[in-house]
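Take a look at the structure below.
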Amino acid sequence: MLFAVDIGNTNVTIGVFEKENIVTSFRLNTDTNRFAEEYLLSINSLLSLRNINPNDIDSCVICSVVPPLNPIFTLVSQNLFSVDPLIVGTGIKTGIKILYDNPRDVGSDRITDAVAAFNMYGGPAVVVDCGTATVFDAISQNGEYLGGSIAAGARLSADALFSNTSQLKRVELLAPENVIGKSTTLSLQSGLVLGNVYMIEGMVKKFAEEMEANPIIIGTGGLSTLFSNVTDIFDYVNENLTLEGLRIIYNLNI
């Protein structure tokens, strides 16, 4: 079995694969102050709840945008599964040609998403990752990573409003019925949720124009399901896209 780890700024998303099929997935809070032993105990407990024996896991693959956690999860893999993880980075085979000015500048999660999108849905494609940031990635018909765009996500924007204003409160991220909010809560939800959705729709339109194509649009990330209830811009929504990309990359490198 393959243990796949996507270390993001807000969450660590983990999936367990049996060959090509994902058996289970779960999330932990990203916390650089936690020790390896703490993560190990949490992961071991969650695997046990899902009736997965750590001894059945014989491989591990990691992509990360939080470098301090890389050695932590390396220790988790070594101590819990007795395997050294494959960490997505420079020198790893992805099957994707990166057409960025400096390919090393592209986050490993973005490349992993591009790998999954092209292998699972084809190209041209645009991946919209609706997480801490709202990230757009363009993939050509030939599977080339063209570049993308990064904007503040709904949760990040909500935190900024709460932290930098004296009268605005935290609100649950729900889509209101109307753009014109009749209360502060509804006004915030309008801006944070509907504002992000309409930004996504506009950006996808501009991506298609610049790509001179009609790309497949894939939504992923923790807020993709919420947004997909408001817009029909997505052809596919796959919250496990990054995990699937990790599986594909691992298989390319064994």
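In the structure tokens, the first chain shown is A, the next is B, and so on; residue numbers restart at 1 for each chain, and ligands run from 1 in the order shown.
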So which residues of segment 66-225 of chain A fall under strand (DSSP E) by DSSP, listed as number ranges by chain?
A: 86-87, 97-98, 125-130, 133-139, 144-152, 216-220
Preceding selection exported with N, CA, C and O atoms as a tab-separated table (two decimals), in the first residue's frame:
```tsv
chain	number	residue	atom	x	y	z
A	86	LEU	N	9.59	9.05	-0.88
A	86	LEU	CA	9.96	9.78	-2.09
A	86	LEU	C	9.38	11.19	-1.93
A	86	LEU	O	8.16	11.34	-1.74
A	87	ILE	N	10.23	12.20	-1.96
A	87	ILE	CA	9.77	13.58	-1.80
A	87	ILE	C	9.82	14.26	-3.16
A	87	ILE	O	10.87	14.30	-3.82
A	97	LYS	N	6.55	18.61	-18.71
A	97	LYS	CA	7.55	19.62	-19.03
A	97	LYS	C	7.10	20.95	-18.47
A	97	LYS	O	5.98	21.40	-18.73
A	98	ILE	N	7.98	21.58	-17.70
A	98	ILE	CA	7.60	22.83	-17.02
A	98	ILE	C	8.10	24.02	-17.82
A	98	ILE	O	9.31	24.24	-17.96
A	125	ALA	N	-5.93	21.80	-20.07
A	125	ALA	CA	-6.70	21.80	-18.82
A	125	ALA	C	-6.27	22.97	-17.95
A	125	ALA	O	-5.16	23.48	-18.07
A	126	VAL	N	-7.19	23.38	-17.08
A	126	VAL	CA	-6.89	24.37	-16.04
A	126	VAL	C	-7.32	23.78	-14.71
A	126	VAL	O	-8.47	23.35	-14.57
A	127	VAL	N	-6.38	23.73	-13.78
A	127	VAL	CA	-6.68	23.27	-12.42
A	127	VAL	C	-6.92	24.49	-11.55
A	127	VAL	O	-6.11	25.43	-11.57
A	128	VAL	N	-8.02	24.49	-10.81
A	128	VAL	CA	-8.31	25.56	-9.86
A	128	VAL	C	-8.30	24.94	-8.46
A	128	VAL	O	-9.19	24.18	-8.11
A	129	ASP	N	-7.26	25.25	-7.71
A	129	ASP	CA	-7.11	24.72	-6.35
A	129	ASP	C	-7.66	25.74	-5.36
A	129	ASP	O	-7.08	26.80	-5.15
A	130	CYS	N	-8.80	25.39	-4.76
A	130	CYS	CA	-9.51	26.33	-3.88
A	130	CYS	C	-9.15	26.02	-2.43
A	130	CYS	O	-9.86	25.27	-1.75
A	133	ALA	N	-4.85	29.57	-0.64
A	133	ALA	CA	-4.84	30.45	-1.81
A	133	ALA	C	-5.75	29.82	-2.86
A	133	ALA	O	-6.03	28.63	-2.83
A	134	THR	N	-6.23	30.65	-3.77
A	134	THR	CA	-6.92	30.14	-4.95
A	134	THR	C	-5.91	30.15	-6.08
A	134	THR	O	-5.46	31.21	-6.53
A	135	VAL	N	-5.50	28.94	-6.50
A	135	VAL	CA	-4.38	28.79	-7.42
A	135	VAL	C	-4.88	28.22	-8.74
A	135	VAL	O	-5.62	27.23	-8.76
A	136	PHE	N	-4.46	28.83	-9.83
A	136	PHE	CA	-4.81	28.39	-11.18
A	136	PHE	C	-3.56	27.86	-11.87
A	136	PHE	O	-2.51	28.52	-11.83
A	137	ASP	N	-3.67	26.71	-12.50
A	137	ASP	CA	-2.55	26.13	-13.23
A	137	ASP	C	-3.02	25.68	-14.61
A	137	ASP	O	-4.06	25.01	-14.73
A	138	ALA	N	-2.26	26.04	-15.62
A	138	ALA	CA	-2.61	25.72	-17.00
A	138	ALA	C	-1.72	24.61	-17.55
A	138	ALA	O	-0.50	24.64	-17.37
A	139	ILE	N	-2.36	23.64	-18.20
A	139	ILE	CA	-1.65	22.52	-18.80
A	139	ILE	C	-2.03	22.45	-20.28
A	139	ILE	O	-3.22	22.53	-20.62
A	144	GLU	N	2.20	19.99	-21.15
A	144	GLU	CA	3.20	20.94	-20.67
A	144	GLU	C	2.57	21.83	-19.59
A	144	GLU	O	1.44	22.29	-19.75
A	145	TYR	N	3.35	22.09	-18.54
A	145	TYR	CA	2.88	23.02	-17.52
A	145	TYR	C	3.21	24.44	-17.99
A	145	TYR	O	4.37	24.80	-18.13
A	146	LEU	N	2.16	25.24	-18.26
A	146	LEU	CA	2.35	26.54	-18.88
A	146	LEU	C	2.57	27.66	-17.88
A	146	LEU	O	3.18	28.69	-18.21
A	147	GLY	N	2.07	27.51	-16.67
A	147	GLY	CA	2.14	28.57	-15.68
A	147	GLY	C	0.79	28.74	-15.01
A	147	GLY	O	-0.09	27.87	-15.14
A	148	GLY	N	0.60	29.84	-14.32
A	148	GLY	CA	-0.68	30.00	-13.64
A	148	GLY	C	-0.83	31.32	-12.94
A	148	GLY	O	-0.19	32.32	-13.29
A	149	SER	N	-1.66	31.32	-11.92
A	149	SER	CA	-1.98	32.53	-11.18
A	149	SER	C	-2.29	32.15	-9.74
A	149	SER	O	-2.79	31.06	-9.47
A	150	ILE	N	-1.98	33.07	-8.82
A	150	ILE	CA	-2.21	32.83	-7.40
A	150	ILE	C	-2.94	34.03	-6.80
A	150	ILE	O	-2.48	35.17	-6.95
A	151	ALA	N	-4.05	33.75	-6.13
A	151	ALA	CA	-4.81	34.81	-5.45
A	151	ALA	C	-5.10	34.37	-4.02
A	151	ALA	O	-5.05	33.17	-3.70
A	152	ALA	N	-5.40	35.31	-3.16
A	152	ALA	CA	-5.77	34.98	-1.78
A	152	ALA	C	-7.06	34.16	-1.80
A	152	ALA	O	-8.01	34.49	-2.51
A	216	ILE	N	-10.29	21.82	-20.26
A	216	ILE	CA	-11.05	21.12	-19.22
A	216	ILE	C	-10.75	21.84	-17.91
A	216	ILE	O	-9.60	22.14	-17.60
A	217	ILE	N	-11.78	22.12	-17.13
A	217	ILE	CA	-11.60	22.84	-15.87
A	217	ILE	C	-11.81	21.88	-14.71
A	217	ILE	O	-12.89	21.30	-14.56
A	218	ILE	N	-10.77	21.74	-13.88
A	218	ILE	CA	-10.82	20.80	-12.76
A	218	ILE	C	-10.71	21.58	-11.46
A	218	ILE	O	-9.74	22.33	-11.26
A	219	GLY	N	-11.68	21.41	-10.59
A	219	GLY	CA	-11.64	22.03	-9.27
A	219	GLY	C	-11.12	21.06	-8.24
A	219	GLY	O	-11.45	19.87	-8.26
A	220	THR	N	-10.30	21.56	-7.33
A	220	THR	CA	-9.81	20.74	-6.23
A	220	THR	C	-9.61	21.64	-5.03
A	220	THR	O	-9.84	22.84	-5.08
```
Shell around Ser82 of chain A at 12 Å using only C-alpha atoms, local window under 5 positions removed, as a ChimeraX atom specification
/A:3,54-60,74-77
Residue set, segment 113-183 of chain A restricted to alpha helix (DSSP H), as a PyMOL selection string
chain A and resi 113-121+154-164
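With only C-alpha atoms as the atoms that count, the residue of A:Ile7, A:Met203, A:Leu47, A:Val88 with the shortest distance to Ile72 of chain A is A:Ile7.
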To one decimal place, how far is atom CA of Arg247 of chain A from atom CA of Thr94 of chain A in Å?
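If I compute the distance from atom CA of Arg247 of chain A to atom CA of Thr94 of chain A, I get 10.8 Å.
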